[in-house]
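Containing CSV, C-alpha atoms: data-v6.csv.
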chain,number,residue,atom,x,y,z
A,1,MET,CA,7.4,31.4,6.2
A,2,SER,CA,7.5,29.8,2.8
A,3,ARG,CA,9.1,26.5,2.2
A,4,GLN,CA,9.2,26.4,-1.5
A,5,SER,CA,10.0,23.3,-3.5
A,6,ASN,CA,8.8,21.5,-6.6
A,7,ARG,CA,6.2,19.6,-4.6
A,8,THR,CA,3.8,18.9,-7.4
A,9,THR,CA,6.3,16.9,-9.4
A,10,ASP,CA,7.5,14.6,-6.7
A,11,SER,CA,4.1,14.0,-5.0
A,12,LYS,CA,3.4,11.3,-7.5
A,13,LYS,CA,6.7,9.7,-6.8
A,14,MET,CA,6.2,10.0,-3.0
A,15,ASN,CA,2.9,8.2,-3.3
A,16,SER,CA,4.6,5.3,-5.0
A,17,GLU,CA,7.2,5.4,-2.3
A,18,LEU,CA,4.5,5.2,0.3
A,19,PHE,CA,3.3,2.1,-1.4
A,20,THR,CA,6.7,0.6,-1.8
A,21,LEU,CA,7.7,1.2,1.8
A,22,THR,CA,4.4,-0.1,3.2
A,23,TYR,CA,4.8,-3.2,1.1
A,24,GLY,CA,8.3,-3.6,2.5
A,25,ALA,CA,6.9,-3.3,6.1
A,26,LEU,CA,4.4,-6.0,5.2
A,27,VAL,CA,6.9,-8.4,3.8
A,28,THR,CA,9.1,-7.8,6.9
A,29,GLN,CA,6.2,-8.6,9.2
A,30,LEU,CA,5.4,-11.8,7.2
A,31,CYS,CA,9.0,-12.9,7.4
A,32,LYS,CA,8.8,-12.5,11.2
A,33,ASP,CA,5.5,-14.4,11.4
A,34,TYR,CA,6.3,-17.3,9.2
A,35,GLU,CA,9.2,-19.7,9.5
A,36,ASN,CA,9.9,-20.4,5.9
A,37,ASP,CA,9.9,-18.4,2.7
A,38,GLU,CA,7.4,-20.7,1.0
A,39,GLU,CA,4.8,-19.8,3.5
A,40,VAL,CA,5.5,-16.1,3.0
A,41,ASN,CA,5.2,-16.5,-0.7
A,42,LYS,CA,1.9,-18.2,-0.3
A,43,GLN,CA,0.6,-15.5,2.0
A,44,LEU,CA,1.7,-12.7,-0.4
A,45,ASP,CA,0.0,-14.5,-3.2
A,46,LYS,CA,-3.2,-14.8,-1.2
A,47,MET,CA,-3.2,-11.1,-0.2
A,48,GLY,CA,-2.5,-10.2,-3.8
A,49,TYR,CA,-5.5,-12.2,-4.9
A,50,ASN,CA,-7.7,-10.4,-2.4
A,51,ILE,CA,-6.4,-7.1,-3.8
A,52,GLY,CA,-6.9,-8.2,-7.4
A,53,VAL,CA,-10.5,-9.2,-7.1
A,54,ARG,CA,-11.2,-5.7,-5.9
A,55,LEU,CA,-8.7,-3.8,-8.0
A,56,ILE,CA,-10.3,-5.0,-11.2
A,57,GLU,CA,-13.4,-3.0,-10.6
A,58,ASP,CA,-11.5,0.1,-9.9
A,59,PHE,CA,-9.5,-0.6,-13.1
A,60,LEU,CA,-12.6,-1.1,-15.3
A,61,ALA,CA,-14.2,2.0,-13.9
A,62,ARG,CA,-11.1,4.2,-14.5
A,63,SER,CA,-10.0,2.9,-17.8
A,64,SER,CA,-13.4,2.2,-19.4
A,65,ILE,CA,-11.9,-0.6,-21.3
A,66,GLY,CA,-14.3,-3.2,-22.7
A,67,ARG,CA,-14.0,-6.9,-23.2
A,68,CYS,CA,-10.8,-8.1,-24.7
A,69,GLN,CA,-11.0,-10.1,-28.0
A,70,ASP,CA,-8.2,-12.5,-27.2
A,71,PHE,CA,-5.4,-13.2,-24.8
A,72,ARG,CA,-3.0,-11.0,-26.7
A,73,GLU,CA,-5.2,-8.0,-26.2
A,74,THR,CA,-5.4,-8.9,-22.6
A,75,ALA,CA,-1.6,-9.0,-22.3
A,76,ASP,CA,-1.4,-5.5,-23.9
A,77,VAL,CA,-4.0,-4.0,-21.7
A,78,ILE,CA,-2.3,-5.4,-18.6
A,79,ALA,CA,1.1,-4.1,-19.6
A,80,LYS,CA,0.2,-0.8,-21.2
A,81,VAL,CA,-2.8,0.3,-19.2
A,82,ALA,CA,-2.9,-1.5,-15.9
A,83,PHE,CA,0.8,-1.5,-14.9
A,84,LYS,CA,1.1,2.1,-16.1
A,85,MET,CA,-1.9,3.2,-14.2
A,86,TYR,CA,-1.1,1.6,-10.9
A,87,LEU,CA,2.7,1.2,-10.8
A,88,GLY,CA,3.8,3.8,-13.2
A,89,THR,CA,5.9,1.5,-15.3
A,90,THR,CA,5.2,-0.2,-18.6
A,91,PRO,CA,6.5,-3.8,-18.9
A,92,SER,CA,7.1,-5.2,-22.3
A,93,VAL,CA,5.2,-8.3,-23.5
A,94,SER,CA,7.3,-11.0,-25.0
A,95,ASN,CA,8.2,-14.7,-25.2
A,96,TRP,CA,4.8,-15.8,-26.5
A,97,SER,CA,4.4,-19.5,-26.7
A,98,PRO,CA,3.5,-20.9,-30.1
A,99,ALA,CA,0.0,-21.7,-29.1
A,100,GLY,CA,-0.5,-18.1,-27.9
A,101,ASP,CA,-1.6,-19.1,-24.4
A,102,GLU,CA,1.6,-18.1,-22.5
A,103,PHE,CA,3.6,-14.9,-22.4
A,104,SER,CA,6.1,-12.9,-20.2
A,105,LEU,CA,5.9,-9.5,-18.8
A,106,ILE,CA,9.4,-8.1,-18.7
A,107,LEU,CA,9.8,-5.3,-16.1
A,108,GLU,CA,12.8,-3.1,-16.6
A,109,ASN,CA,12.2,-1.6,-13.2
A,110,ASN,CA,10.0,-2.9,-10.5
A,111,PRO,CA,8.8,-0.2,-8.1
A,112,LEU,CA,8.2,-2.7,-5.4
A,113,VAL,CA,11.9,-3.4,-5.0
A,114,ASP,CA,13.1,0.2,-5.0
A,115,PHE,CA,14.7,0.1,-1.6
A,116,VAL,CA,15.2,-3.6,-1.2
A,117,GLU,CA,18.1,-6.0,-0.8
A,118,LEU,CA,17.4,-9.6,0.0
A,119,PRO,CA,19.5,-11.0,2.9
A,120,ASP,CA,21.2,-14.3,2.3
A,121,ASN,CA,18.9,-16.4,4.5
A,122,HIS,CA,15.9,-15.6,2.4
A,123,SER,CA,17.0,-17.2,-0.8
A,124,MET,CA,13.6,-18.7,-1.5
A,125,LEU,CA,11.6,-15.6,-0.9
A,126,VAL,CA,9.7,-14.3,-4.0
A,127,TYR,CA,9.6,-10.7,-2.8
A,128,SER,CA,7.1,-9.3,-5.3
A,129,ASN,CA,4.8,-12.3,-5.2
A,130,LEU,CA,1.9,-10.1,-4.4
A,131,LEU,CA,1.8,-9.1,-8.0
A,132,CYS,CA,1.1,-12.7,-9.1
A,133,GLY,CA,-1.8,-12.8,-6.8
A,134,VAL,CA,-3.1,-9.5,-8.0
A,135,LEU,CA,-3.0,-10.6,-11.7
A,136,ARG,CA,-4.6,-13.9,-10.9
A,137,GLY,CA,-7.4,-12.4,-8.8
A,138,ALA,CA,-8.2,-9.6,-11.3
A,139,LEU,CA,-8.3,-11.9,-14.3
A,140,GLU,CA,-10.5,-14.4,-12.5
A,141,MET,CA,-13.1,-11.7,-12.1
A,142,VAL,CA,-13.2,-11.3,-15.8
A,143,GLN,CA,-13.6,-15.0,-16.4
A,144,MET,CA,-10.0,-16.0,-17.0
A,145,ALA,CA,-8.2,-18.5,-15.1
A,146,VAL,CA,-4.4,-18.0,-15.3
A,147,ASP,CA,-1.3,-19.2,-13.8
A,148,VAL,CA,1.2,-16.5,-12.8
A,149,LYS,CA,4.7,-16.8,-11.5
A,150,PHE,CA,8.0,-15.1,-11.4
A,151,ALA,CA,10.5,-16.5,-13.9
A,152,GLN,CA,13.3,-14.0,-13.2
A,153,ASP,CA,13.8,-11.4,-10.5
A,154,THR,CA,16.4,-8.6,-10.3
A,155,LEU,CA,16.5,-9.1,-6.6
A,156,ARG,CA,18.0,-12.6,-7.2
A,157,GLY,CA,20.6,-11.2,-9.5
A,158,ASP,CA,18.8,-11.6,-12.9
A,159,ASN,CA,19.0,-8.7,-15.3
A,160,VAL,CA,15.3,-8.2,-15.6
A,161,THR,CA,12.2,-9.1,-13.7
A,162,GLU,CA,10.0,-11.5,-15.7
A,163,ILE,CA,6.5,-12.5,-14.8
A,164,ARG,CA,5.3,-15.5,-16.7
A,165,MET,CA,1.6,-15.8,-17.4
A,166,LYS,CA,-0.2,-18.9,-18.6
A,167,PHE,CA,-3.8,-19.0,-19.8
A,168,ILE,CA,-5.6,-22.0,-18.3
A,169,LYS,CA,-9.2,-21.7,-19.2
A,170,ARG,CA,-12.2,-19.5,-19.5
A,171,ILE,CA,-14.4,-19.6,-16.5
A,172,GLU,CA,-18.0,-20.3,-17.4
A,173,GLU,CA,-20.4,-18.5,-15.2
A,174,ASN,CA,-22.6,-21.0,-13.5
A,175,LEU,CA,-25.9,-19.5,-12.6
A,176,PRO,CA,-27.5,-21.1,-9.6
A,177,ALA,CA,-30.2,-23.7,-10.7
A,178,GLY,CA,-33.5,-22.1,-11.4
A,179,ASP,CA,-32.1,-18.6,-11.6
A,180,GLU,CA,-32.3,-17.1,-15.0
B,1,MET,CA,-5.3,9.8,-9.3
B,2,ALA,CA,-5.0,6.1,-9.9
B,3,ASP,CA,-1.7,5.6,-8.1
B,4,GLU,CA,-3.3,6.0,-4.7
B,5,ALA,CA,-5.5,3.0,-5.2
B,6,PRO,CA,-2.8,0.4,-4.7
B,7,PHE,CA,-1.8,1.9,-1.3
B,8,GLN,CA,-5.4,1.8,-0.1
B,9,PHE,CA,-6.0,-1.7,-1.2
B,10,LEU,CA,-2.7,-2.8,0.4
B,11,HIS,CA,-3.5,-1.0,3.6
B,12,ASN,CA,-6.8,-2.8,3.8
B,13,GLU,CA,-5.0,-6.2,3.2
B,14,VAL,CA,-2.4,-5.5,5.9
B,15,ILE,CA,-5.2,-4.8,8.4
B,16,GLN,CA,-7.0,-8.0,7.3
B,17,TYR,CA,-3.8,-10.0,7.7
B,18,ILE,CA,-2.9,-8.7,11.1
B,19,TYR,CA,-6.4,-9.2,12.4
B,20,LYS,CA,-6.8,-12.6,10.9
B,21,SER,CA,-3.6,-14.1,12.1
B,22,ALA,CA,-4.8,-13.7,15.7
B,23,ASP,CA,-8.3,-14.1,17.0
B,24,ASN,CA,-9.4,-11.0,18.6
B,25,GLY,CA,-9.7,-10.9,22.3
B,26,GLU,CA,-9.3,-7.6,24.1
B,27,THR,CA,-5.6,-8.1,24.7
B,28,GLU,CA,-5.0,-9.3,21.1
B,29,ASN,CA,-6.7,-6.2,19.8
B,30,GLY,CA,-4.1,-4.0,21.6
B,31,ARG,CA,-1.3,-6.1,20.3
B,32,ASN,CA,-2.6,-5.9,16.7
B,33,ILE,CA,-2.9,-2.2,17.0
B,34,ALA,CA,0.7,-2.0,18.2
B,35,LYS,CA,1.8,-4.2,15.3
B,36,LEU,CA,0.1,-1.9,12.8
B,37,GLU,CA,1.5,1.1,14.5
B,38,ASN,CA,5.0,-0.3,14.3
B,39,MET,CA,4.8,-1.0,10.6
B,40,GLY,CA,3.6,2.6,10.1
B,41,PHE,CA,6.5,3.9,12.2
B,42,ARG,CA,9.1,2.3,10.0
B,43,VAL,CA,7.4,3.6,6.9
B,44,GLY,CA,7.1,7.1,8.3
B,45,GLN,CA,10.8,7.1,9.1
B,46,GLY,CA,11.6,6.2,5.5
B,47,LEU,CA,9.2,8.7,4.0
B,48,ILE,CA,10.2,11.7,5.9
B,49,GLU,CA,13.8,11.1,5.1
B,50,ARG,CA,13.0,11.2,1.4
B,51,LEU,CA,10.7,14.1,1.7
B,52,THR,CA,13.0,16.4,3.7
B,53,LYS,CA,16.2,15.8,1.8
B,54,ASP,CA,16.0,19.1,0.0
B,55,THR,CA,14.3,21.3,2.5
B,56,VAL,CA,15.9,23.9,4.8
B,57,ARG,CA,16.4,23.3,8.5
B,58,PHE,CA,13.4,23.6,10.7
B,59,LYS,CA,13.2,26.5,13.1
B,60,ASP,CA,11.4,24.9,15.9
B,61,GLU,CA,8.9,22.3,16.9
B,62,LEU,CA,6.0,24.2,15.5
B,63,ASP,CA,7.7,24.6,12.2
B,64,ILE,CA,8.1,20.8,12.1
B,65,MET,CA,4.4,20.4,12.9
B,66,LYS,CA,3.5,22.7,10.1
B,67,PHE,CA,5.6,20.7,7.7
B,68,VAL,CA,3.9,17.5,8.8
B,69,CYS,CA,0.4,19.1,8.4
B,70,LYS,CA,1.1,20.5,5.0
B,71,ASP,CA,3.7,18.7,3.0
B,72,PHE,CA,3.8,15.3,4.7
B,73,TRP,CA,0.0,15.1,4.8
B,74,THR,CA,-0.4,16.1,1.2
B,75,CYS,CA,2.1,13.5,0.1
B,76,VAL,CA,0.6,10.7,2.1
B,77,PHE,CA,-3.1,11.6,2.3
B,78,LYS,CA,-3.6,14.0,-0.6
B,79,LYS,CA,-4.8,16.9,1.4
B,80,GLN,CA,-3.6,19.2,4.1
B,81,ILE,CA,-4.6,18.9,7.7
B,82,ASP,CA,-7.7,21.1,8.2
B,83,ASN,CA,-6.9,22.4,11.7
B,84,LEU,CA,-3.8,22.4,13.9
B,85,ARG,CA,-4.1,23.3,17.5
B,86,THR,CA,-1.6,23.3,20.3
B,87,ASN,CA,-1.5,24.2,23.9
B,88,HIS,CA,2.2,25.3,23.5
B,89,GLN,CA,3.2,22.7,26.1
B,90,GLY,CA,3.9,19.8,23.9
B,91,ILE,CA,0.4,18.7,22.8
B,92,TYR,CA,-0.7,19.2,19.2
B,93,VAL,CA,-4.1,18.2,17.8
B,94,LEU,CA,-4.3,17.7,14.1
B,95,GLN,CA,-7.8,17.6,12.6
B,96,ASP,CA,-8.6,16.1,9.3
B,97,ASN,CA,-12.2,16.5,8.2
B,98,LYS,CA,-12.1,13.9,5.5
B,99,PHE,CA,-9.4,11.4,6.4
B,100,ARG,CA,-8.5,9.4,3.3
B,101,LEU,CA,-8.2,6.0,4.9
B,102,LEU,CA,-11.7,6.4,6.5
B,103,SER,CA,-13.4,7.8,3.5
B,104,GLN,CA,-14.3,4.4,2.1
B,105,LEU,CA,-16.0,3.3,5.3
B,106,SER,CA,-19.6,4.1,5.8
B,107,ALA,CA,-20.1,7.6,7.4
B,108,GLY,CA,-22.6,6.3,9.8
B,109,LYS,CA,-22.1,5.0,13.3
B,110,GLN,CA,-22.2,1.4,12.1
B,111,TYR,CA,-18.4,0.8,11.7
B,112,LEU,CA,-17.2,3.3,14.2
B,113,GLU,CA,-15.8,0.6,16.4
B,114,HIS,CA,-13.6,-0.6,13.5
B,115,ALA,CA,-12.1,2.9,13.0
B,116,PRO,CA,-9.1,2.4,15.3
B,117,LYS,CA,-7.5,-0.3,13.2
B,118,TYR,CA,-7.7,2.0,10.1
B,119,LEU,CA,-5.9,4.7,12.0
B,120,ALA,CA,-3.1,2.7,13.8
B,121,PHE,CA,-0.9,2.6,10.8
B,122,SER,CA,-1.2,6.3,10.2
B,123,CYS,CA,-0.5,7.1,13.9
B,124,GLY,CA,2.7,5.1,13.4
B,125,LEU,CA,3.5,7.1,10.2
B,126,VAL,CA,3.3,10.3,12.0
B,127,ARG,CA,5.3,9.1,15.0
B,128,GLY,CA,8.0,7.7,12.7
B,129,ALA,CA,8.2,10.9,10.7
B,130,LEU,CA,8.5,13.0,13.8
B,131,SER,CA,11.0,10.6,15.3
B,132,ASN,CA,13.3,11.0,12.3
B,133,LEU,CA,13.0,14.8,12.7
B,134,GLY,CA,14.3,14.4,16.3
B,135,VAL,CA,10.9,14.7,18.0
B,136,LYS,CA,10.0,11.9,20.3
B,137,SER,CA,6.2,11.6,20.6
B,138,ILE,CA,3.1,9.5,21.3
B,139,VAL,CA,0.5,9.7,18.7
B,140,THR,CA,-3.1,8.7,19.2
B,141,ALA,CA,-6.2,9.1,17.1
B,142,GLU,CA,-9.8,9.6,17.8
B,143,VAL,CA,-12.9,9.6,15.7
B,144,SER,CA,-16.3,10.8,16.6
B,145,VAL,CA,-17.9,11.3,13.2
B,146,MET,CA,-16.5,9.5,10.2
B,147,PRO,CA,-14.7,10.4,8.1
B,148,ALA,CA,-13.3,13.2,10.2
B,149,CYS,CA,-10.6,12.3,12.7
B,150,LYS,CA,-8.3,13.9,15.1
B,151,PHE,CA,-4.7,13.0,15.8
B,152,GLN,CA,-3.2,13.9,19.1
B,153,ILE,CA,0.5,14.3,19.3
B,154,MET,CA,2.1,14.3,22.7
B,155,ILE,CA,5.7,15.4,22.6
B,156,GLN,CA,8.0,13.4,24.9
B,157,LYS,CA,10.7,15.7,26.3
B,158,MET,CA,14.1,14.1,26.1
Conversion result in structure tokens:
Amino acid sequence: MSRQSNRTTDSKKMNSELFTLTYGALVTQLCKDYENDEEVNKQLDKMGYNIGVRLIEDFLARSSIGRCQDFRETADVIAKVAFKMYLGTTPSVSNWSPAGDEFSLILENNPLVDFVELPDNHSMLVYSNLLCGVLRGALEMVQMAVDVKFAQDTLRGDNVTEIRMKFIKRIEENLPAGDE
Amino acid sequence: MADEAPFQFLHNEVIQYIYKSADNGETENGRNIAKLENMGFRVGQGLIERLTKDTVRFKDELDIMKFVCKDFWTCVFKKQIDNLRTNHQGIYVLQDNKFRLLSQLSAGKQYLEHAPKYLAFSCGLVRGALSNLGVKSIVTAEVSVMPACKFQIMIQKM
């Protein structure tokens, strides 16, 4: 009656596959619902944003990481803690702009695209665009406005996947008038 | 475990998206449920393929069901099914006393009417998994007290 296998080791992997496959089903649905890839990208970004604004709470609670001193520290936390925690991969941080307000996350492997091949008629689709939204949404909740986009993507034949992040400004918290 | 958070958030977003893209009338609701179910079906097919690649051949239908209740459920929902019942004529009832995708909803009656949309994807998952194991079925879910829920599987004879 026993069906033995090394279940504990691959349950973590299975869970990431559940996520990957579900994401794939979502993108497929979006491609059916919208006529052009631009719209799909926009929708993915929006959904990512919604996830990001919620995910940040989960992240802060789990990681018990405090306020970052500067954007470089933020970059490290995103790469070494957040990506590792949620996607099980650690991108490297590189290509800093001289002003220190822009950097790239280089992903050697992107779990979102594990089983994916882009068909020819979706050349404009940014498959993993959800991630941009997540990063933007999460950082907005900690008072940072950033611009996030894909610079390279293995799905389009690049060697690595590169997410470019640009710091725009600190968001000042505006208290409603008369509310101290 | 932190890695289950992304799936839960994504699942919620998928539901939001499906329901936002169409205003809900009674007919729309059915169509949305079907859309979610179909997405789940495809995912279930993929998952079971990955999960069973190193397992031995199943003896019979009940053996398949046990696999779904134990291994498949543990992989997807982090726990086993609490109770499996069957009438031995093609109907199986799987009871989960703390279903993962409902555990974040209030346990009271307040959101009971919203429960079906949080279950449709999972019904599809199960149907997809069974279908790739050669069992054609209809899967429905019912909730009376959150977060417990029952999945009923009706086997369709070929």
Q) Can you tell me, as a list in words, what residues are no more than 9 Å from segment 54-69 of chain A when counting all atoms listed in the file, ignoring any on the same chain fewer than 5 positions away? A)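 With the cut-off at 9 Å, the set is Tyr49, Thr74, Val77, Val81, Ala82, Met85, Tyr86, Val134, Gly137, Ala138, Leu139, Met141 and Val142 of chain A; Ala2, Ala5, Pro6 and Phe9 of chain B.
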(Q) With only C-alpha atoms considered, list every residue of chain B at most 10 Å from chain A, as JSON, numbers by chain. (A) {"B": [1, 2, 3, 4, 5, 6, 7, 8, 9, 10, 11, 12, 13, 14, 16, 17, 18, 21, 35, 36, 38, 39, 40, 41, 42, 43, 44, 45, 46, 47, 48, 50, 51, 54, 55, 56, 58, 63, 67, 71, 72, 74, 75, 76, 77, 78, 121]}
Q: Using only C-alpha atoms, find the one residue out of A:Lys80, A:Arg72, A:Lys42, A:Lys149 that sits nearest to Ala99 of chain A.
A: A:Arg72
Q | Contact residues around segment 137-150 of chain B with only C-alpha atoms at 12 Å, ignoring same-chain residues under 6 positions, as a PyMOL selection string | A | chain B and resi 33-34+37-38+40-41+61+65+81-85+90-131+156-158
Find the residues near Thr161 of chain A: any atom within 6 Å, counting only C-alpha atoms, skip ones fewer than 4 places away on the same chain, and give them as a PDB file with C-alpha atoms, in the frame of the given file.
ATOM      1  CA  ILE A 106       9.400  -8.100 -18.700  1.00  0.00           C
ATOM      2  CA  LEU A 107       9.800  -5.300 -16.100  1.00  0.00           C
ATOM      3  CA  GLN A 152      13.300 -14.000 -13.200  1.00  0.00           C
ATOM      4  CA  ASP A 153      13.800 -11.400 -10.500  1.00  0.00           C
ATOM      5  CA  THR A 154      16.400  -8.600 -10.300  1.00  0.00           C
TER       6      THR A 154
END
For a quick check of your reading of the model, name the residues lying within 10 Å of the coordinate (6.5, -9.9, -27.4), counting only C-alpha atoms, and write them as a tab-separated table (two decimals) with C-alpha atoms, in the frame of the given file.
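Saved as result_3.tsv:
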chain	number	residue	atom	x	y	z
A	72	ARG	CA	-3.00	-11.00	-26.70
A	75	ALA	CA	-1.60	-9.00	-22.30
A	76	ASP	CA	-1.40	-5.50	-23.90
A	92	SER	CA	7.10	-5.20	-22.30
A	93	VAL	CA	5.20	-8.30	-23.50
A	94	SER	CA	7.30	-11.00	-25.00
A	95	ASN	CA	8.20	-14.70	-25.20
A	96	TRP	CA	4.80	-15.80	-26.50
A	97	SER	CA	4.40	-19.50	-26.70
A	103	PHE	CA	3.60	-14.90	-22.40
A	104	SER	CA	6.10	-12.90	-20.20
A	105	LEU	CA	5.90	-9.50	-18.80
A	106	ILE	CA	9.40	-8.10	-18.70
